[in-house]
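Visitor: Quick one: structure below, then a few questions.
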2 protein chains.
Amino acid sequence: MQIGAVARKSGVPAKTIRYYESVGLIAAARREASGYRSYGDPDVETLRFIQRARGLGFSVRQVGDLLALWQDRARHSAQVKALSIEHLAEIEAKIAALQGMRDTLEHLIEGCQGDDRPECPILADLAGSSGAETVK
Amino acid sequence: MQIGAVARKSGVPAKTIRYYESVGLIAAARREASGYRSYGDPDVETLRFIQRARGLGFSVRQVGDLLALWQDRARHSAQVKALSIEHLAEIEAKIAALQGMRDTLEHLIEGCQGDDRPECPILADLAGSSGAETVK
DNA sequence: CTTGACCTTCTAGTAACTAGAAGGTTTATT
DNA sequence: AATAAACCTTCTAGTTACTAGAAGGTCAAG
């Protein structure tokens, strides 16, 4: 299989596959006589695994760790769980930060007339007019 | 005031102030005979404004727009409101995406024993074992 | 023998900084 | 005067995870 076919089957763009190879997330592919990369079905599986893990927000580095565990028959599920819990915490922190922004923003937007006059509590807040503070 | 003082007063690191200048978010500062950048109190206010807007998640580009509106006496609050609503939508989209990840991840983590055995529903899911799907 | 669909590598751009290097200026102290 | 400490300057490069584009090689069909 050439890279285009793997890309179609896995859903990972060919450019991204080359990128993953370049950063060492996946092993360098065998080459055909032409110099074209050559893949097999297991490679498609690997790319799908990567795709899903990335979809859950794991960083490429974390995906590398997961991949290693996946391919390690002697792994302990505790390792996978620990990695996942760590990532979950990061996600929750991001959610909390975004919710803080959302709440403040919603509040400010509500207070803004949104007409052709210049008065605007959003700008007033950003300017530091002591009003509703930009989240603590 | 030199850049270090403004940095302390505004809370924006000197390097970041230079960066903001380099990308045109703030005007190039006047220079002292020495070549050092020179600032006044209004500059501190501007940087605080930027700081707060960034804290609400506005992109540097958006902050530039907000800054322009802030300094425009003829602005319409509707413009500010529109920009903010747009940004709020982006934030909510991010929150939703992260919540999807969190829910899936939580579910998978719950199902994982986390012991010294290799069986792991997290890896199984990533491998595409049809189980709990990686969010729809 | 040319067209089209593939493939290759390499460079650079994206967002928003941050770190570090190499070196100039100012102020205080010896 | 010399020197040290604390500032400041510019420039380069690294961070994350790709993506776009350029220039060019390969292969099958017409």
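We name chains A, B, ... following the order of the structure tokens; residues begin at 1 in each chain, and ligands are numbered from 1 as shown.
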Apply DSSP to the backbone of this structure and, from chain A, keep only the residues in strand (DSSP E); write these as a list in words.

Guide: Arg30, Arg31, Arg37 and Ser38 of chain A

Visitor: Please produce a file of those selected residues containing C-alpha atoms, as a PDB file, in the first residue's frame.

Guide:
```
ATOM      1  CA  ARG A  30       9.796   0.468   4.183  1.00  0.00           C
ATOM      2  CA  ARG A  31      10.350   1.783   0.688  1.00  0.00           C
ATOM      3  CA  ARG A  37       6.754   4.449   1.268  1.00  0.00           C
ATOM      4  CA  SER A  38       5.140   1.047   1.570  1.00  0.00           C
TER       5      SER A  38
END
```

Visitor: Each residue of chain B lying at most 10 Å from chain C should get a row with its shortest atom-to-atom pair and the distance in Å to one decimal, counting only C-alpha atoms (C1' of nucleotides); could you produce that, ordered by chain and increasing number, as a Markdown table?

Guide:
```
| residue | atom | partner | partner_atom | distance |
| --- | --- | --- | --- | --- |
| B:Lys15 | CA | C:DT18 | C1' | 8.0 |
| B:Thr16 | CA | C:DC17 | C1' | 6.9 |
| B:Tyr19 | CA | C:DC17 | C1' | 7.8 |
| B:Tyr20 | CA | C:DA16 | C1' | 9.6 |
| B:Ser34 | CA | C:DT25 | C1' | 6.6 |
| B:Gly35 | CA | C:DT25 | C1' | 8.9 |
| B:Tyr36 | CA | C:DT25 | C1' | 8.8 |
| B:Ser59 | CA | C:DA15 | C1' | 8.6 |
| B:Val60 | CA | C:DA16 | C1' | 8.0 |
```

Visitor: Keeping only C-alpha atoms, write those residues as a compact mmCIF listing (two decimals), in the first residue's frame.

Guide:
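This went into out29.txt:
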```txt
# COMPACT_ATOMS: atom_id res chain seq x y z
CA LYS B 15 9.80 40.29 26.51
CA THR B 16 6.12 40.10 25.85
CA TYR B 19 6.76 41.01 21.24
CA TYR B 20 3.49 42.94 21.21
CA SER B 34 20.36 55.42 25.01
CA GLY B 35 18.02 53.60 22.68
CA TYR B 36 15.98 52.27 25.58
CA SER B 59 -6.63 36.26 20.49
CA VAL B 60 -3.98 38.88 20.01
```

Visitor: Residues of chain D within 12 Å of chain A, using only C-alpha atoms (C1' of nucleotides), as a list in words?

Guide: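 Close enough to count are DT16, DA17, DC18, DT19, DA20, DG25, DT26 and DC27 of chain D.
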
Visitor: Those same residues - C-alpha atoms (C1' of nucleotides) - I'd like them written as a compact mmCIF listing (two decimals), in the first residue's frame.

Guide:
```txt
# COMPACT_ATOMS: atom_id res chain seq x y z
C1' DT D 16 2.89 22.16 19.32
C1' DA D 17 1.02 19.79 15.59
C1' DC D 18 0.45 20.22 11.63
C1' DT D 19 -0.46 22.36 6.71
C1' DA D 20 0.65 24.63 2.29
C1' DG D 25 10.71 11.96 -9.58
C1' DT D 26 7.58 7.58 -10.90
C1' DC D 27 4.23 4.99 -13.13
```

Visitor: How many Å separate CA of Ile109 (chain A) from CA of Ala97 (chain B)?

Guide: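 Computing it gives 22.7 Å between the two atoms.
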
Visitor: Can you give me chain B superposed onto chain A, least-squares on all Cα in order, written as an mmCIF file with C-alpha atoms, in the first residue's frame?

Guide:
```cif
data_model
loop_
_atom_site.group_PDB
_atom_site.id
_atom_site.type_symbol
_atom_site.label_atom_id
_atom_site.label_comp_id
_atom_site.auth_asym_id
_atom_site.auth_seq_id
_atom_site.Cartn_x
_atom_site.Cartn_y
_atom_site.Cartn_z
ATOM 1 C CA MET B 1 -0.025 0.051 -0.020
ATOM 2 C CA GLN B 2 1.226 3.517 -0.733
ATOM 3 C CA ILE B 3 0.793 6.431 1.580
ATOM 4 C CA GLY B 4 -2.311 7.729 -0.164
ATOM 5 C CA ALA B 5 -4.176 4.471 0.349
ATOM 6 C CA VAL B 6 -3.197 4.305 4.003
ATOM 7 C CA ALA B 7 -4.293 7.881 4.397
ATOM 8 C CA ARG B 8 -7.721 7.063 2.994
ATOM 9 C CA LYS B 9 -8.086 3.913 5.082
ATOM 10 C CA SER B 10 -6.898 5.447 8.321
ATOM 11 C CA GLY B 11 -8.299 8.909 7.962
ATOM 12 C CA VAL B 12 -4.891 10.413 8.672
ATOM 13 C CA PRO B 13 -3.699 12.748 5.885
ATOM 14 C CA ALA B 14 -0.606 11.647 4.012
ATOM 15 C CA LYS B 15 1.211 14.780 5.088
ATOM 16 C CA THR B 16 0.430 14.028 8.671
ATOM 17 C CA ILE B 17 1.662 10.470 8.324
ATOM 18 C CA ARG B 18 4.971 11.764 7.020
ATOM 19 C CA TYR B 19 5.010 14.231 9.856
ATOM 20 C CA TYR B 20 4.424 11.476 12.413
ATOM 21 C CA GLU B 21 7.276 9.579 10.892
ATOM 22 C CA SER B 22 9.516 12.619 11.009
ATOM 23 C CA VAL B 23 8.924 13.141 14.715
ATOM 24 C CA GLY B 24 9.349 9.486 15.493
ATOM 25 C CA LEU B 25 5.781 8.704 16.480
ATOM 26 C CA ILE B 26 5.729 5.916 13.940
ATOM 27 C CA ALA B 27 8.643 3.963 12.528
ATOM 28 C CA ALA B 28 10.076 4.911 9.156
ATOM 29 C CA ALA B 29 8.185 3.041 6.477
ATOM 30 C CA ARG B 30 9.808 0.556 4.151
ATOM 31 C CA ARG B 31 10.364 1.882 0.673
ATOM 32 C CA GLU B 32 9.483 0.533 -2.720
ATOM 33 C CA ALA B 33 12.072 0.534 -5.466
ATOM 34 C CA SER B 34 10.686 3.899 -6.508
ATOM 35 C CA GLY B 35 11.392 5.372 -3.116
ATOM 36 C CA TYR B 36 7.701 5.486 -2.272
ATOM 37 C CA ARG B 37 6.716 4.528 1.255
ATOM 38 C CA SER B 38 5.130 1.111 1.574
ATOM 39 C CA TYR B 39 2.591 0.124 4.229
ATOM 40 C CA GLY B 40 0.611 -2.861 5.411
ATOM 41 C CA ASP B 41 -2.703 -3.281 7.206
ATOM 42 C CA PRO B 42 -1.142 -3.139 10.670
ATOM 43 C CA ASP B 43 0.069 0.337 9.836
ATOM 44 C CA VAL B 44 -3.486 1.375 9.142
ATOM 45 C CA GLU B 45 -4.468 0.050 12.572
ATOM 46 C CA THR B 46 -1.679 1.970 14.206
ATOM 47 C CA LEU B 47 -2.718 5.177 12.514
ATOM 48 C CA ARG B 48 -6.302 4.660 13.586
ATOM 49 C CA PHE B 49 -5.110 4.162 17.128
ATOM 50 C CA ILE B 50 -3.177 7.395 16.914
ATOM 51 C CA GLN B 51 -6.149 9.155 15.392
ATOM 52 C CA ARG B 52 -8.418 8.105 18.247
ATOM 53 C CA ALA B 53 -5.904 8.976 20.928
ATOM 54 C CA ARG B 54 -5.378 12.408 19.389
ATOM 55 C CA GLY B 55 -9.135 12.775 19.299
ATOM 56 C CA LEU B 56 -9.183 12.291 23.034
ATOM 57 C CA GLY B 57 -6.734 15.148 23.303
ATOM 58 C CA PHE B 58 -3.604 13.185 24.131
ATOM 59 C CA SER B 59 -0.483 14.979 22.953
ATOM 60 C CA VAL B 60 1.652 13.372 20.309
ATOM 61 C CA ARG B 61 4.173 12.543 22.998
ATOM 62 C CA GLN B 62 1.519 10.910 25.124
ATOM 63 C CA VAL B 63 0.235 9.014 22.126
ATOM 64 C CA GLY B 64 3.759 7.721 21.706
ATOM 65 C CA ASP B 65 3.647 6.397 25.245
ATOM 66 C CA LEU B 66 0.229 4.842 24.721
ATOM 67 C CA LEU B 67 1.423 3.265 21.514
ATOM 68 C CA ALA B 68 4.391 1.746 23.313
ATOM 69 C CA LEU B 69 2.119 0.360 25.999
ATOM 70 C CA TRP B 70 -0.312 -0.946 23.440
ATOM 71 C CA GLN B 71 2.457 -2.865 21.769
ATOM 72 C CA ASP B 72 3.900 -4.112 25.031
ATOM 73 C CA ARG B 73 2.377 -7.431 26.013
ATOM 74 C CA ALA B 74 3.882 -7.103 29.471
ATOM 75 C CA ARG B 75 2.324 -3.726 30.162
ATOM 76 C CA HIS B 76 0.428 -3.049 33.347
ATOM 77 C CA SER B 77 -2.948 -1.459 32.894
ATOM 78 C CA ALA B 78 -1.983 0.744 35.822
ATOM 79 C CA GLN B 79 0.473 2.538 33.560
ATOM 80 C CA VAL B 80 -2.188 3.274 31.003
ATOM 81 C CA LYS B 81 -4.599 4.351 33.670
ATOM 82 C CA ALA B 82 -2.073 6.679 35.265
ATOM 83 C CA LEU B 83 -1.296 8.321 31.955
ATOM 84 C CA SER B 84 -4.980 8.748 31.262
ATOM 85 C CA ILE B 85 -5.745 10.181 34.651
ATOM 86 C CA GLU B 86 -2.990 12.688 34.217
ATOM 87 C CA HIS B 87 -4.391 13.703 30.868
ATOM 88 C CA LEU B 88 -7.897 13.872 32.278
ATOM 89 C CA ALA B 89 -6.676 16.327 34.874
ATOM 90 C CA GLU B 90 -5.197 18.514 32.163
ATOM 91 C CA ILE B 91 -8.472 18.466 30.300
ATOM 92 C CA GLU B 92 -10.413 19.396 33.373
ATOM 93 C CA ALA B 93 -8.064 22.255 34.076
ATOM 94 C CA LYS B 94 -8.615 23.558 30.584
ATOM 95 C CA ILE B 95 -12.350 23.212 30.918
ATOM 96 C CA ALA B 96 -12.287 25.101 34.180
ATOM 97 C CA ALA B 97 -10.228 27.891 32.680
ATOM 98 C CA LEU B 98 -12.530 28.179 29.705
ATOM 99 C CA GLN B 99 -15.612 28.124 31.888
ATOM 100 C CA GLY B 100 -14.202 30.984 33.892
ATOM 101 C CA MET B 101 -13.739 32.959 30.711
ATOM 102 C CA ARG B 102 -17.156 32.030 29.473
ATOM 103 C CA ASP B 103 -18.888 33.076 32.677
ATOM 104 C CA THR B 104 -17.172 36.430 32.790
ATOM 105 C CA LEU B 105 -17.735 37.014 29.134
ATOM 106 C CA GLU B 106 -21.385 36.042 29.285
ATOM 107 C CA HIS B 107 -21.900 38.389 32.157
ATOM 108 C CA LEU B 108 -20.245 41.269 30.353
ATOM 109 C CA ILE B 109 -22.088 40.605 27.128
ATOM 110 C CA GLU B 110 -25.389 40.595 28.929
ATOM 111 C CA GLY B 111 -24.653 44.020 30.326
ATOM 112 C CA CYS B 112 -23.787 45.468 26.932
ATOM 113 C CA GLN B 113 -26.537 47.255 25.078
ATOM 114 C CA GLY B 114 -25.071 46.449 21.715
ATOM 115 C CA ASP B 115 -26.377 49.562 20.030
ATOM 116 C CA ASP B 116 -24.777 52.534 18.311
ATOM 117 C CA ARG B 117 -23.679 54.221 21.493
ATOM 118 C CA PRO B 118 -20.106 53.920 22.711
ATOM 119 C CA GLU B 119 -20.811 52.991 26.324
ATOM 120 C CA CYS B 120 -19.807 49.394 26.816
ATOM 121 C CA PRO B 121 -19.293 47.443 30.029
ATOM 122 C CA ILE B 122 -17.078 44.984 28.199
ATOM 123 C CA LEU B 123 -14.511 47.632 27.358
ATOM 124 C CA ALA B 124 -15.036 49.220 30.728
ATOM 125 C CA ASP B 125 -14.130 45.970 32.405
ATOM 126 C CA LEU B 126 -11.111 45.389 30.227
ATOM 127 C CA ALA B 127 -10.012 48.921 30.976
ATOM 128 C CA GLY B 128 -10.080 47.956 34.626
ATOM 129 C CA SER B 129 -13.014 50.035 35.749
ATOM 130 C CA SER B 130 -13.283 47.892 38.853
ATOM 131 C CA GLY B 131 -16.650 46.575 37.709
ATOM 132 C CA ALA B 132 -17.038 42.851 37.172
ATOM 133 C CA GLU B 133 -13.511 41.621 37.386
ATOM 134 C CA THR B 134 -11.904 39.425 34.799
ATOM 135 C CA VAL B 135 -12.348 36.282 36.825
ATOM 136 C CA LYS B 136 -10.294 35.813 39.918
#
```

Visitor: If you run DSSP on this backbone, which residues of chain B come out as alpha helix (DSSP H), and could you give them as a PyMOL selection string?

Guide: chain B and resi 3-10+14-22+41-55+60-70+77-111+121-126
